[in-house]
>>> print(open('coords.cif').read())   # mmCIF, C-alpha atoms
data_work
loop_
_atom_site.label_atom_id
_atom_site.label_comp_id
_atom_site.auth_asym_id
_atom_site.auth_seq_id
_atom_site.Cartn_x
_atom_site.Cartn_y
_atom_site.Cartn_z
CA MET H 1 -29.79 -123.31 67.13
CA TYR H 2 -27.13 -120.65 66.94
CA ARG H 3 -27.62 -117.22 65.42
CA ALA H 4 -24.65 -115.39 63.98
CA SER H 5 -24.55 -112.02 62.26
CA ALA H 6 -23.57 -111.68 58.62
CA VAL H 7 -20.37 -109.89 59.66
CA PHE H 8 -19.44 -112.77 62.00
CA LEU H 9 -20.04 -115.38 59.28
CA GLU H 10 -18.10 -113.31 56.75
CA ARG H 11 -15.00 -113.23 58.97
CA LEU H 12 -15.38 -116.94 59.72
CA ARG H 13 -15.49 -117.76 55.99
CA ALA H 14 -12.39 -115.61 55.46
CA GLY H 15 -10.50 -118.07 57.66
CA GLU H 16 -10.21 -115.95 60.81
CA ASN H 17 -10.43 -117.66 64.19
CA PRO H 18 -12.78 -116.09 66.75
CA LEU H 19 -11.74 -115.41 70.31
CA LEU H 20 -13.59 -117.15 73.11
CA VAL H 21 -14.68 -114.98 76.02
CA VAL H 22 -15.98 -116.59 79.20
CA ALA H 23 -18.24 -114.27 81.21
CA LEU H 24 -18.80 -115.15 84.85
CA SER H 25 -21.72 -113.18 86.36
CA ASN H 26 -23.01 -113.12 89.91
CA ALA H 27 -24.79 -110.56 92.11
CA ALA H 28 -21.66 -108.39 92.28
CA GLY H 29 -21.31 -108.02 88.51
CA THR H 30 -19.69 -109.58 85.45
CA ARG H 31 -16.09 -110.64 84.92
CA LEU H 32 -14.69 -111.38 81.46
CA TYR H 33 -11.93 -113.90 80.79
CA GLY H 34 -10.15 -114.77 77.57
CA THR H 35 -6.73 -116.02 76.49
CA SER H 36 -5.81 -112.32 76.65
CA ALA H 37 -7.70 -109.57 78.49
CA PRO H 38 -10.86 -108.61 76.55
CA PRO H 39 -10.77 -104.89 75.64
CA PRO H 40 -13.21 -102.38 77.18
CA ASP H 41 -16.53 -101.61 75.46
CA ALA H 42 -16.32 -104.64 73.23
CA PHE H 43 -18.28 -107.77 72.47
CA GLY H 44 -21.60 -106.55 73.87
CA TRP H 45 -20.39 -105.89 77.43
CA VAL H 46 -20.37 -102.11 77.40
CA GLU H 47 -19.41 -100.46 80.65
CA PRO H 48 -21.57 -97.58 81.96
CA LYS H 49 -20.47 -94.06 81.05
CA MET H 50 -19.46 -91.84 83.93
CA ALA H 51 -21.39 -88.62 84.50
CA ASP H 52 -18.19 -86.59 84.65
CA GLY H 53 -18.96 -83.89 82.08
CA SER H 54 -17.06 -85.63 79.26
CA GLY H 55 -20.26 -86.14 77.25
CA THR H 56 -23.45 -84.26 76.59
CA ALA H 57 -26.97 -85.28 77.55
CA GLY H 58 -28.43 -84.81 74.09
CA GLY H 59 -30.54 -87.97 74.14
CA ALA H 60 -28.41 -89.93 71.66
CA VAL H 61 -27.24 -92.24 74.44
CA MET H 62 -29.43 -93.42 77.28
CA ALA H 63 -27.68 -93.54 80.65
CA GLY H 64 -27.08 -97.13 81.70
CA TYR H 65 -29.04 -98.67 78.83
CA GLY H 66 -27.41 -101.87 77.56
CA THR H 67 -24.49 -101.65 79.98
CA ALA H 68 -23.05 -104.15 82.43
CA ALA H 69 -21.01 -103.75 85.62
CA VAL H 70 -17.78 -105.29 84.33
CA LEU H 71 -15.59 -105.87 87.38
CA ALA H 72 -12.61 -107.58 85.70
CA ARG H 73 -11.13 -108.27 82.29
CA ARG H 74 -8.33 -110.81 82.51
CA GLY H 75 -6.34 -113.09 80.29
CA ALA H 76 -7.00 -116.08 82.55
CA LEU H 77 -8.54 -118.64 80.19
CA ARG H 78 -6.39 -121.76 79.93
CA GLY H 79 -6.56 -124.58 77.42
CA GLY H 80 -8.20 -127.87 78.21
CA GLY H 81 -11.78 -126.67 78.62
CA ARG H 82 -14.63 -128.32 76.79
CA ILE H 83 -18.33 -128.12 76.00
CA ASN H 84 -20.29 -131.38 75.93
CA GLU H 85 -23.66 -131.59 74.21
CA THR H 86 -25.79 -134.45 72.97
CA LEU H 87 -27.74 -134.52 69.75
CA THR H 88 -31.29 -135.68 69.29
CA PRO H 89 -31.34 -139.12 67.63
CA GLN H 90 -32.62 -139.24 64.05
CA ARG H 91 -34.81 -142.28 64.60
CA GLY H 92 -37.15 -143.30 67.39
CA GLY H 93 -39.46 -140.31 67.22
CA LEU H 94 -40.06 -137.59 69.75
CA ALA H 95 -40.76 -139.91 72.69
CA GLY H 96 -37.46 -141.73 72.21
CA SER H 97 -35.45 -138.55 71.87
CA LEU H 98 -36.80 -137.02 75.10
CA GLY H 99 -35.18 -139.71 77.23
CA SER H 100 -31.82 -139.62 75.50
CA GLN H 101 -31.08 -135.90 75.59
CA GLU H 102 -28.73 -134.43 78.12
CA ALA H 103 -28.26 -130.81 79.13
CA GLY H 104 -25.06 -129.24 77.79
CA ARG H 105 -22.09 -129.09 80.13
CA LEU H 106 -19.04 -126.85 80.22
CA THR H 107 -15.69 -127.34 81.90
CA ALA H 108 -13.42 -124.28 81.89
CA ARG H 109 -9.95 -123.83 83.37
CA LEU H 110 -8.99 -120.31 84.53
CA SER H 111 -5.63 -119.17 85.88
CA ASN H 112 -5.71 -118.03 89.53
CA GLY H 113 -3.08 -115.36 88.92
CA MET H 114 -1.79 -112.68 91.26
CA GLU H 115 -3.43 -109.25 91.41
CA ALA H 116 -1.76 -105.93 92.12
CA GLU H 117 -2.80 -106.18 95.79
CA GLY H 118 -0.79 -109.40 96.15
CA THR H 119 -3.82 -111.69 96.34
CA ARG H 120 -4.85 -114.38 93.91
CA HIS H 121 -7.80 -113.34 91.76
CA PHE H 122 -10.20 -116.26 92.24
CA SER H 123 -9.13 -116.93 95.84
CA ARG H 124 -10.19 -113.39 96.74
CA MET H 125 -13.38 -113.73 94.72
CA ALA H 126 -14.35 -117.05 96.37
CA ALA H 127 -13.84 -115.54 99.83
CA ALA H 128 -16.18 -112.60 99.19
CA GLU H 129 -18.72 -113.76 96.57
CA ASN H 130 -20.58 -116.78 95.30
CA ILE H 131 -18.96 -118.70 92.48
CA LEU H 132 -21.37 -121.59 92.87
CA GLY H 133 -24.57 -120.72 91.01
CA ALA H 134 -22.95 -117.91 89.02
CA GLU H 135 -24.08 -117.55 85.40
CA VAL H 136 -21.54 -118.56 82.76
CA LEU H 137 -21.67 -117.37 79.16
CA VAL H 138 -19.22 -118.41 76.45
CA ARG H 139 -19.24 -116.04 73.49
CA ALA H 140 -17.17 -116.36 70.31
CA VAL H 141 -16.14 -112.90 69.06
CA PHE H 142 -13.89 -111.22 66.54
CA PRO H 143 -11.68 -108.24 67.43
CA GLY H 144 -13.16 -104.98 66.21
CA LEU H 145 -16.77 -106.14 66.41
CA THR H 146 -18.32 -104.39 69.39
CA GLY H 147 -22.02 -105.19 69.23
CA ARG H 148 -23.63 -108.00 71.18
CA GLU H 149 -25.29 -109.18 67.97
CA ASP H 150 -21.86 -109.53 66.33
CA GLY H 151 -20.83 -112.38 68.65
CA LEU H 152 -21.96 -115.98 68.77
CA ASP H 153 -23.25 -117.14 72.15
CA ARG H 154 -22.00 -120.71 72.35
CA PHE H 155 -22.98 -121.71 75.88
CA ARG H 156 -25.11 -120.31 78.71
CA GLY H 157 -25.41 -122.04 82.06
CA ARG H 158 -24.84 -121.99 85.81
CA VAL H 159 -21.81 -123.11 87.82
CA ARG H 160 -22.72 -126.41 89.46
CA ARG H 161 -19.30 -127.30 90.83
CA TYR H 162 -15.85 -125.75 91.05
CA ARG H 163 -12.35 -126.60 92.24
CA LEU H 164 -10.04 -123.84 93.39
CA SER H 165 -6.32 -124.35 93.85
CA ARG H 166 -3.38 -122.00 94.15
CA GLU H 167 -2.81 -122.18 90.38
CA GLU H 168 -6.28 -122.40 88.82
CA LEU H 169 -10.05 -122.40 89.09
CA VAL H 170 -11.88 -125.21 87.29
CA ILE H 171 -15.58 -124.55 86.85
CA GLU H 172 -18.18 -127.06 85.77
CA ALA H 173 -21.43 -125.57 84.49
CA ARG H 174 -24.69 -127.01 83.23
CA ALA H 175 -26.76 -125.36 80.51
CA VAL H 176 -29.97 -123.62 81.52
#
>>> encode(input="coords.cif", output="structure tokens")
Amino acid sequence: MYRASAVFLERLRAGENPLLVVALSNAAGTRLYGTSAPPPDAFGWVEPKMADGSGTAGGAVMAGYGTAAVLARRGALRGGGRINETLTPQRGGLAGSLGSQEAGRLTARLSNGMEAEGTRHFSRMAAAENILGAEVLVRAVFPGLTGREDGLDRFRGRVRRYRLSREELVIEARAV
């Protein structure tokens, strides 16, 4: 069952199309990918505030609370990805439906573009960190809505397999 906020549903009924953001999280942190680079402090992935004197410690904001170490925001999401899910059959009862269900699966294609250092983004990541086993979250969001509750989490799983080439990274994840 999916839970969406009233604001999300309102914008959906108005005919707007949400953006899909794919979050790839491992021990190093979280990286966000969309068809264009997701903006900072949006969609429930709020970056920690720096203790640089730009704010006051009045207690209105708790240091680090609800924040994530966002390491990258890139417009790397390519078309051709898909989410596969099965539905519980209407007849046959509970015993029959238990054998026919299948965990959801996601296939996502991400561009392995060049970075400022002259390296390819996912090639460098695969050399230094684990992609296999990383957590994948697909969230549908609308621009201007910044709260985590204002997005619709569509898929959550772990990377079970990936293919990395010079042009792209294809990840296959299974729902958890």
>>> resolve_selection(input="coords.cif", expression="the PyMOL selection byres ((chain H and resi 176) around 10)", output="ChimeraX atom specification")
/H:103-105,135-136,155-158,173-175
>>> closest_residue(input="coords.cif", among="H:Ala76, H:Leu164, H:Leu71, H:Ala4", to="Gly113 (chain H)", atoms="only C-alpha atoms")
H:Ala76
>>> atom_distance(input="coords.cif", atom1="CA of Glu168 (chain H)", atom2="CA of Asn17 (chain H)")
25.4 Å
>>> resolve_selection(input="coords.cif", expression="the PyMOL selection byres ((chain H and resi 171) around 6)", output="PyMOL selection string")
chain H and resi 107-108+162+170+172
>>> closest_residue(input="coords.cif", among="H:Arg73, H:Gly144, H:Leu152, H:Ala126", to="Ala23 (chain H)", atoms="all atoms listed in the file")
H:Arg73
>>> closest_residue(input="coords.cif", among="H:Gly81, H:Gly118, H:Gly133, H:Gly34", to="Leu20 (chain H)", atoms="all atoms listed in the file")
H:Gly34
>>> build_atoms(input="coords.cif", residues="region 154-165 of chain H", atoms="all heavy atoms", output="PDB file, in the frame of the given file")
ATOM      1  N   ARG H 154     -22.215-119.276  72.538  1.00  0.00           N
ATOM      2  CA  ARG H 154     -22.000-120.710  72.350  1.00  0.00           C
ATOM      3  C   ARG H 154     -22.524-121.556  73.498  1.00  0.00           C
ATOM      4  O   ARG H 154     -22.895-122.688  73.336  1.00  0.00           O
ATOM      5  CB  ARG H 154     -20.495-120.932  72.147  1.00  0.00           C
ATOM      6  CG  ARG H 154     -20.074-122.302  71.787  1.00  0.00           C
ATOM      7  CD  ARG H 154     -20.680-122.746  70.470  1.00  0.00           C
ATOM      8  NE  ARG H 154     -20.386-124.130  70.233  1.00  0.00           N
ATOM      9  CZ  ARG H 154     -21.092-125.148  70.726  1.00  0.00           C
ATOM     10  NH1 ARG H 154     -22.121-124.925  71.471  1.00  0.00           N
ATOM     11  NH2 ARG H 154     -20.747-126.385  70.462  1.00  0.00           N
ATOM     12  N   PHE H 155     -22.526-120.967  74.706  1.00  0.00           N
ATOM     13  CA  PHE H 155     -22.980-121.710  75.880  1.00  0.00           C
ATOM     14  C   PHE H 155     -23.504-120.729  76.913  1.00  0.00           C
ATOM     15  O   PHE H 155     -22.925-119.664  77.114  1.00  0.00           O
ATOM     16  CB  PHE H 155     -21.830-122.524  76.482  1.00  0.00           C
ATOM     17  CG  PHE H 155     -22.205-123.285  77.726  1.00  0.00           C
ATOM     18  CD1 PHE H 155     -22.742-124.558  77.647  1.00  0.00           C
ATOM     19  CD2 PHE H 155     -22.013-122.725  78.985  1.00  0.00           C
ATOM     20  CE1 PHE H 155     -23.093-125.258  78.793  1.00  0.00           C
ATOM     21  CE2 PHE H 155     -22.355-123.411  80.133  1.00  0.00           C
ATOM     22  CZ  PHE H 155     -22.901-124.685  80.036  1.00  0.00           C
ATOM     23  N   ARG H 156     -24.588-121.083  77.585  1.00  0.00           N
ATOM     24  CA  ARG H 156     -25.110-120.310  78.710  1.00  0.00           C
ATOM     25  C   ARG H 156     -25.554-121.309  79.773  1.00  0.00           C
ATOM     26  O   ARG H 156     -26.306-122.234  79.488  1.00  0.00           O
ATOM     27  CB  ARG H 156     -26.290-119.451  78.288  1.00  0.00           C
ATOM     28  CG  ARG H 156     -26.853-118.597  79.418  1.00  0.00           C
ATOM     29  CD  ARG H 156     -28.028-117.758  78.970  1.00  0.00           C
ATOM     30  NE  ARG H 156     -27.681-116.830  77.918  1.00  0.00           N
ATOM     31  CZ  ARG H 156     -27.196-115.601  78.104  1.00  0.00           C
ATOM     32  NH1 ARG H 156     -26.994-115.163  79.326  1.00  0.00           N
ATOM     33  NH2 ARG H 156     -26.912-114.822  77.079  1.00  0.00           N
ATOM     34  N   GLY H 157     -25.058-121.117  80.994  1.00  0.00           N
ATOM     35  CA  GLY H 157     -25.410-122.040  82.060  1.00  0.00           C
ATOM     36  C   GLY H 157     -25.083-121.488  83.426  1.00  0.00           C
ATOM     37  O   GLY H 157     -24.781-120.299  83.571  1.00  0.00           O
ATOM     38  N   ARG H 158     -25.130-122.354  84.425  1.00  0.00           N
ATOM     39  CA  ARG H 158     -24.840-121.990  85.810  1.00  0.00           C
ATOM     40  C   ARG H 158     -23.744-122.899  86.352  1.00  0.00           C
ATOM     41  O   ARG H 158     -23.713-124.090  86.041  1.00  0.00           O
ATOM     42  CB  ARG H 158     -26.072-122.125  86.680  1.00  0.00           C
ATOM     43  CG  ARG H 158     -27.154-121.159  86.321  1.00  0.00           C
ATOM     44  CD  ARG H 158     -27.664-120.456  87.555  1.00  0.00           C
ATOM     45  NE  ARG H 158     -28.623-119.435  87.182  1.00  0.00           N
ATOM     46  CZ  ARG H 158     -28.372-118.144  87.269  1.00  0.00           C
ATOM     47  NH1 ARG H 158     -27.214-117.724  87.711  1.00  0.00           N
ATOM     48  NH2 ARG H 158     -29.283-117.264  86.928  1.00  0.00           N
ATOM     49  N   VAL H 159     -22.881-122.330  87.185  1.00  0.00           N
ATOM     50  CA  VAL H 159     -21.810-123.110  87.820  1.00  0.00           C
ATOM     51  C   VAL H 159     -22.449-124.078  88.805  1.00  0.00           C
ATOM     52  O   VAL H 159     -23.170-123.676  89.713  1.00  0.00           O
ATOM     53  CB  VAL H 159     -20.800-122.191  88.544  1.00  0.00           C
ATOM     54  CG1 VAL H 159     -19.757-123.024  89.281  1.00  0.00           C
ATOM     55  CG2 VAL H 159     -20.132-121.242  87.565  1.00  0.00           C
ATOM     56  N   ARG H 160     -22.201-125.358  88.598  1.00  0.00           N
ATOM     57  CA  ARG H 160     -22.720-126.410  89.460  1.00  0.00           C
ATOM     58  C   ARG H 160     -21.661-126.936  90.425  1.00  0.00           C
ATOM     59  O   ARG H 160     -21.972-127.468  91.474  1.00  0.00           O
ATOM     60  CB  ARG H 160     -23.259-127.589  88.636  1.00  0.00           C
ATOM     61  CG  ARG H 160     -24.398-127.229  87.766  1.00  0.00           C
ATOM     62  CD  ARG H 160     -25.619-126.954  88.610  1.00  0.00           C
ATOM     63  NE  ARG H 160     -26.755-126.658  87.755  1.00  0.00           N
ATOM     64  CZ  ARG H 160     -27.664-125.760  88.050  1.00  0.00           C
ATOM     65  NH1 ARG H 160     -27.587-125.074  89.151  1.00  0.00           N
ATOM     66  NH2 ARG H 160     -28.672-125.551  87.242  1.00  0.00           N
ATOM     67  N   ARG H 161     -20.406-126.790  90.030  1.00  0.00           N
ATOM     68  CA  ARG H 161     -19.300-127.300  90.830  1.00  0.00           C
ATOM     69  C   ARG H 161     -18.041-126.530  90.439  1.00  0.00           C
ATOM     70  O   ARG H 161     -17.898-126.122  89.294  1.00  0.00           O
ATOM     71  CB  ARG H 161     -19.127-128.781  90.520  1.00  0.00           C
ATOM     72  CG  ARG H 161     -18.200-129.521  91.381  1.00  0.00           C
ATOM     73  CD  ARG H 161     -18.113-130.974  91.012  1.00  0.00           C
ATOM     74  NE  ARG H 161     -19.280-131.427  90.242  1.00  0.00           N
ATOM     75  CZ  ARG H 161     -19.533-132.659  89.946  1.00  0.00           C
ATOM     76  NH1 ARG H 161     -18.722-133.606  90.316  1.00  0.00           N
ATOM     77  NH2 ARG H 161     -20.581-132.997  89.240  1.00  0.00           N
ATOM     78  N   TYR H 162     -17.138-126.347  91.391  1.00  0.00           N
ATOM     79  CA  TYR H 162     -15.850-125.750  91.050  1.00  0.00           C
ATOM     80  C   TYR H 162     -14.764-126.269  91.975  1.00  0.00           C
ATOM     81  O   TYR H 162     -15.038-126.708  93.084  1.00  0.00           O
ATOM     82  CB  TYR H 162     -15.913-124.210  91.074  1.00  0.00           C
ATOM     83  CG  TYR H 162     -16.022-123.581  92.443  1.00  0.00           C
ATOM     84  CD1 TYR H 162     -14.893-123.190  93.151  1.00  0.00           C
ATOM     85  CD2 TYR H 162     -17.252-123.336  93.021  1.00  0.00           C
ATOM     86  CE1 TYR H 162     -14.992-122.597  94.389  1.00  0.00           C
ATOM     87  CE2 TYR H 162     -17.373-122.740  94.257  1.00  0.00           C
ATOM     88  CZ  TYR H 162     -16.234-122.370  94.935  1.00  0.00           C
ATOM     89  OH  TYR H 162     -16.336-121.785  96.168  1.00  0.00           O
ATOM     90  N   ARG H 163     -13.531-126.235  91.471  1.00  0.00           N
ATOM     91  CA  ARG H 163     -12.350-126.600  92.240  1.00  0.00           C
ATOM     92  C   ARG H 163     -11.381-125.430  92.172  1.00  0.00           C
ATOM     93  O   ARG H 163     -11.043-124.971  91.079  1.00  0.00           O
ATOM     94  CB  ARG H 163     -11.673-127.846  91.656  1.00  0.00           C
ATOM     95  CG  ARG H 163     -12.356-129.135  91.965  1.00  0.00           C
ATOM     96  CD  ARG H 163     -11.541-130.345  91.505  1.00  0.00           C
ATOM     97  NE  ARG H 163     -10.852-130.192  90.230  1.00  0.00           N
ATOM     98  CZ  ARG H 163     -11.384-130.475  89.035  1.00  0.00           C
ATOM     99  NH1 ARG H 163     -12.621-130.905  88.950  1.00  0.00           N
ATOM    100  NH2 ARG H 163     -10.689-130.330  87.941  1.00  0.00           N
ATOM    101  N   LEU H 164     -10.961-124.977  93.316  1.00  0.00           N
ATOM    102  CA  LEU H 164     -10.040-123.840  93.390  1.00  0.00           C
ATOM    103  C   LEU H 164      -8.739-124.304  94.009  1.00  0.00           C
ATOM    104  O   LEU H 164      -8.726-124.910  95.083  1.00  0.00           O
ATOM    105  CB  LEU H 164     -10.663-122.723  94.230  1.00  0.00           C
ATOM    106  CG  LEU H 164      -9.829-121.473  94.429  1.00  0.00           C
ATOM    107  CD1 LEU H 164      -9.545-120.786  93.094  1.00  0.00           C
ATOM    108  CD2 LEU H 164     -10.539-120.518  95.374  1.00  0.00           C
ATOM    109  N   SER H 165      -7.646-124.048  93.308  1.00  0.00           N
ATOM    110  CA  SER H 165      -6.320-124.350  93.850  1.00  0.00           C
ATOM    111  C   SER H 165      -5.486-123.074  93.764  1.00  0.00           C
ATOM    112  O   SER H 165      -5.946-122.045  93.281  1.00  0.00           O
ATOM    113  CB  SER H 165      -5.651-125.477  93.056  1.00  0.00           C
ATOM    114  OG  SER H 165      -5.313-125.046  91.758  1.00  0.00           O
TER     115      SER H 165
END
